[in-house]
Amino acid sequence: DAGVIQSPRHEVTEMGQEVTLRCKPISGHDYLFWYRQTMMRGLELLIYFNNNVPIDDSGMPEDRFSAKMPNASFSTLKIQPSEPRDSAVYFCASRATGAGANVLTFGAGSRLTVL
Amino acid sequence: EDQVTQSPEALRLQEGESSSLNCSYTVSGLRGLFWYRQDPGKGPEFLFTLYSAGEEKEKERLKATLTKKESFLHITAPKPEDSATYLCAVQASGGSYIPTFGRGTSLIVHP
């Protein structure tokens with residue numbers, strides 16, 4: 001398996017623009033997580049899905065953020081409109097239910113810079 | 001609310017100089033404690049899971065230990081390739097089993 005695949009790896013945009021980050025989880029994993037990492041706050045959970053259904057979005061900072069998982073192999077995190085304080089590295093991770101279920105496999109991240 | 005505090009925030013070692021990283025946690029009931037390694041520009045990569053006080057896990061120069069309040073990641077005779085950020089996470093029993101991460105310790109090993 002190629003692991004968790006995220007795109008784009010780097011995104012530079014201007015304030016007010018829409019940003020869409022994409023994630024392909026590991027095949028067979030039924031949990032998908034979106035995290036945001038900054039120097040100040042570390043790794044923060046934004047939202048997670050189980051079997052494509054959003055379970056907890058309490059970490060989503062505000063209504064400008066939205067996430068979808070239309071099928072088991074694809075998820076998006078959208079920011080509209082983007083603001084400079086959204087600049088961070090966004091990670092997608094997936095996990096399976098069952099033996100060794102506790103371990104998250106992370107993608108390489110999408111580094112977002114909002115000017 | 002589950003809390004994870006890692007110390008120190010940053011650590012510089014000379015090659016061969018052994019040391020330990022600390023992870024203190026507060027959780028209603030511990031289901032598991034995890035150590036991850038994160039290299040620059042990459043996502044965290046799983047190292048160990050510890051489930052109960054007294055448990056130890058080893059991998060090459062790394063050994064993780066667990067007590068009821070904290071975990072240590074011992075690094076014996078480190079090499080420059082051990083330079084990375086080490087993240088600790090706890091998973092509470094009951095509920096959704098979603099891990100809470102600490103902010104990590106940035107380790108630099110000088111040759």
# chains A, B, ... in the order shown; residues from 1 in each chain; ligands from 1
$ interface_residues --of "chain A" --to "chain B" --cutoff "12 Å" --atoms "only C-alpha atoms" --output "VMD selection string"
chain A and resid 3 to 6 9 to 10 31 to 50 55 to 56 89 to 95 97 100 to 111
$ select_by_dssp --residues "chain A" --states "strand (DSSP E)" --output "VMD selection string"
chain A and resid 5 to 7 10 to 13 19 to 24 31 to 38 42 to 50 53 to 56 65 to 71 74 to 79 88 to 95 105 to 106 110 to 114
$ residues_around --residues "Arg61 (chain B)" --least-positions-apart "5" --cutoff "8 Å" --atoms "only C-alpha atoms" --output "list in words"
Ile75, Thr76, Ala77 and Pro78 of chain B
$ residues_around --residues "Asn51 (chain A)" --least-positions-apart "5" --cutoff "12 Å" --atoms "only C-alpha atoms" --output "number ranges by chain"
A: 25, 27-33, 68-75, 94-97
$ atom_distance --atom1 "CA of Gln14 (chain B)" --atom2 "CA of Trp35 (chain B)"
22.4 Å
$ atom_distance --atom1 "CA of Leu115 (chain A)" --atom2 "CA of Ala67 (chain A)"
22.4 Å
$ atom_distance --atom1 "CA of Asn52 (chain A)" --atom2 "CA of Ser7 (chain A)"
19.0 Å
$ closest_residue --among "B:Ser106, B:Thr26, B:Ser7, B:Ser19" --to "Leu62 (chain B)" --atoms "only C-alpha atoms"
B:Ser19
$ closest_residue --among "A:Ser66, A:Ser82, A:Thr76, A:Ser58" --to "Glu18 (chain A)" --atoms "only C-alpha atoms"
A:Ser82
$ residues_around --residues "region 55-57 of chain B" --least-positions-apart "3" --cutoff "10 Å" --atoms "only C-alpha atoms" --output "MDAnalysis selection string"
chainID B and resid 47:52 62:67 71:73
$ write_last_selection --atoms "N, CA, C and O atoms" --output "PDB file, in the first residue's frame"
ATOM      1  N   LEU B  47       5.949   4.512  16.658  1.00  0.00           N
ATOM      2  CA  LEU B  47       7.073   3.788  17.236  1.00  0.00           C
ATOM      3  C   LEU B  47       6.599   2.680  18.181  1.00  0.00           C
ATOM      4  O   LEU B  47       6.932   1.516  17.997  1.00  0.00           O
ATOM      5  N   PHE B  48       5.878   3.069  19.249  1.00  0.00           N
ATOM      6  CA  PHE B  48       5.502   2.112  20.296  1.00  0.00           C
ATOM      7  C   PHE B  48       4.087   2.371  20.798  1.00  0.00           C
ATOM      8  O   PHE B  48       3.614   3.497  20.763  1.00  0.00           O
ATOM      9  N   THR B  49       3.485   1.304  21.332  1.00  0.00           N
ATOM     10  CA  THR B  49       2.288   1.415  22.158  1.00  0.00           C
ATOM     11  C   THR B  49       2.578   0.754  23.500  1.00  0.00           C
ATOM     12  O   THR B  49       3.127  -0.358  23.548  1.00  0.00           O
ATOM     13  N   LEU B  50       2.211   1.439  24.588  1.00  0.00           N
ATOM     14  CA  LEU B  50       2.325   0.889  25.932  1.00  0.00           C
ATOM     15  C   LEU B  50       0.939   0.872  26.550  1.00  0.00           C
ATOM     16  O   LEU B  50       0.184   1.848  26.402  1.00  0.00           O
ATOM     17  N   TYR B  51       0.605  -0.191  27.258  1.00  0.00           N
ATOM     18  CA  TYR B  51      -0.757  -0.335  27.748  1.00  0.00           C
ATOM     19  C   TYR B  51      -0.880  -0.271  29.269  1.00  0.00           C
ATOM     20  O   TYR B  51      -1.924   0.137  29.781  1.00  0.00           O
ATOM     21  N   SER B  52       0.160  -0.703  29.993  1.00  0.00           N
ATOM     22  CA  SER B  52       0.011  -0.751  31.449  1.00  0.00           C
ATOM     23  C   SER B  52       1.320  -0.378  32.127  1.00  0.00           C
ATOM     24  O   SER B  52       2.417  -0.545  31.560  1.00  0.00           O
ATOM     25  N   LEU B  62      16.150   2.943  21.113  1.00  0.00           N
ATOM     26  CA  LEU B  62      15.040   3.530  21.843  1.00  0.00           C
ATOM     27  C   LEU B  62      14.383   2.520  22.774  1.00  0.00           C
ATOM     28  O   LEU B  62      14.179   1.359  22.394  1.00  0.00           O
ATOM     29  N   LYS B  63      14.066   2.982  23.969  1.00  0.00           N
ATOM     30  CA  LYS B  63      13.294   2.167  24.897  1.00  0.00           C
ATOM     31  C   LYS B  63      12.252   3.044  25.555  1.00  0.00           C
ATOM     32  O   LYS B  63      12.568   4.100  26.109  1.00  0.00           O
ATOM     33  N   ALA B  64      10.987   2.617  25.491  1.00  0.00           N
ATOM     34  CA  ALA B  64       9.890   3.356  26.098  1.00  0.00           C
ATOM     35  C   ALA B  64       9.421   2.626  27.343  1.00  0.00           C
ATOM     36  O   ALA B  64       9.281   1.406  27.341  1.00  0.00           O
ATOM     37  N   THR B  65       9.175   3.402  28.407  1.00  0.00           N
ATOM     38  CA  THR B  65       8.677   2.847  29.656  1.00  0.00           C
ATOM     39  C   THR B  65       7.435   3.609  30.085  1.00  0.00           C
ATOM     40  O   THR B  65       7.210   4.745  29.660  1.00  0.00           O
ATOM     41  N   LEU B  66       6.644   2.976  30.966  1.00  0.00           N
ATOM     42  CA  LEU B  66       5.369   3.575  31.370  1.00  0.00           C
ATOM     43  C   LEU B  66       5.134   3.394  32.860  1.00  0.00           C
ATOM     44  O   LEU B  66       5.344   2.301  33.401  1.00  0.00           O
ATOM     45  N   THR B  67       4.720   4.499  33.523  1.00  0.00           N
ATOM     46  CA  THR B  67       4.232   4.438  34.892  1.00  0.00           C
ATOM     47  C   THR B  67       2.791   4.924  34.883  1.00  0.00           C
ATOM     48  O   THR B  67       2.238   5.212  33.819  1.00  0.00           O
ATOM     49  N   SER B  71       5.492   8.628  30.978  1.00  0.00           N
ATOM     50  CA  SER B  71       6.247   7.682  30.158  1.00  0.00           C
ATOM     51  C   SER B  71       7.574   8.332  29.817  1.00  0.00           C
ATOM     52  O   SER B  71       7.669   9.566  29.703  1.00  0.00           O
ATOM     53  N   PHE B  72       8.584   7.500  29.681  1.00  0.00           N
ATOM     54  CA  PHE B  72       9.899   7.979  29.278  1.00  0.00           C
ATOM     55  C   PHE B  72      10.301   7.293  27.982  1.00  0.00           C
ATOM     56  O   PHE B  72      10.031   6.100  27.780  1.00  0.00           O
ATOM     57  N   LEU B  73      10.964   8.073  27.146  1.00  0.00           N
ATOM     58  CA  LEU B  73      11.590   7.504  25.958  1.00  0.00           C
ATOM     59  C   LEU B  73      13.090   7.664  26.152  1.00  0.00           C
ATOM     60  O   LEU B  73      13.610   8.767  26.105  1.00  0.00           O
TER      61      LEU B  73
END
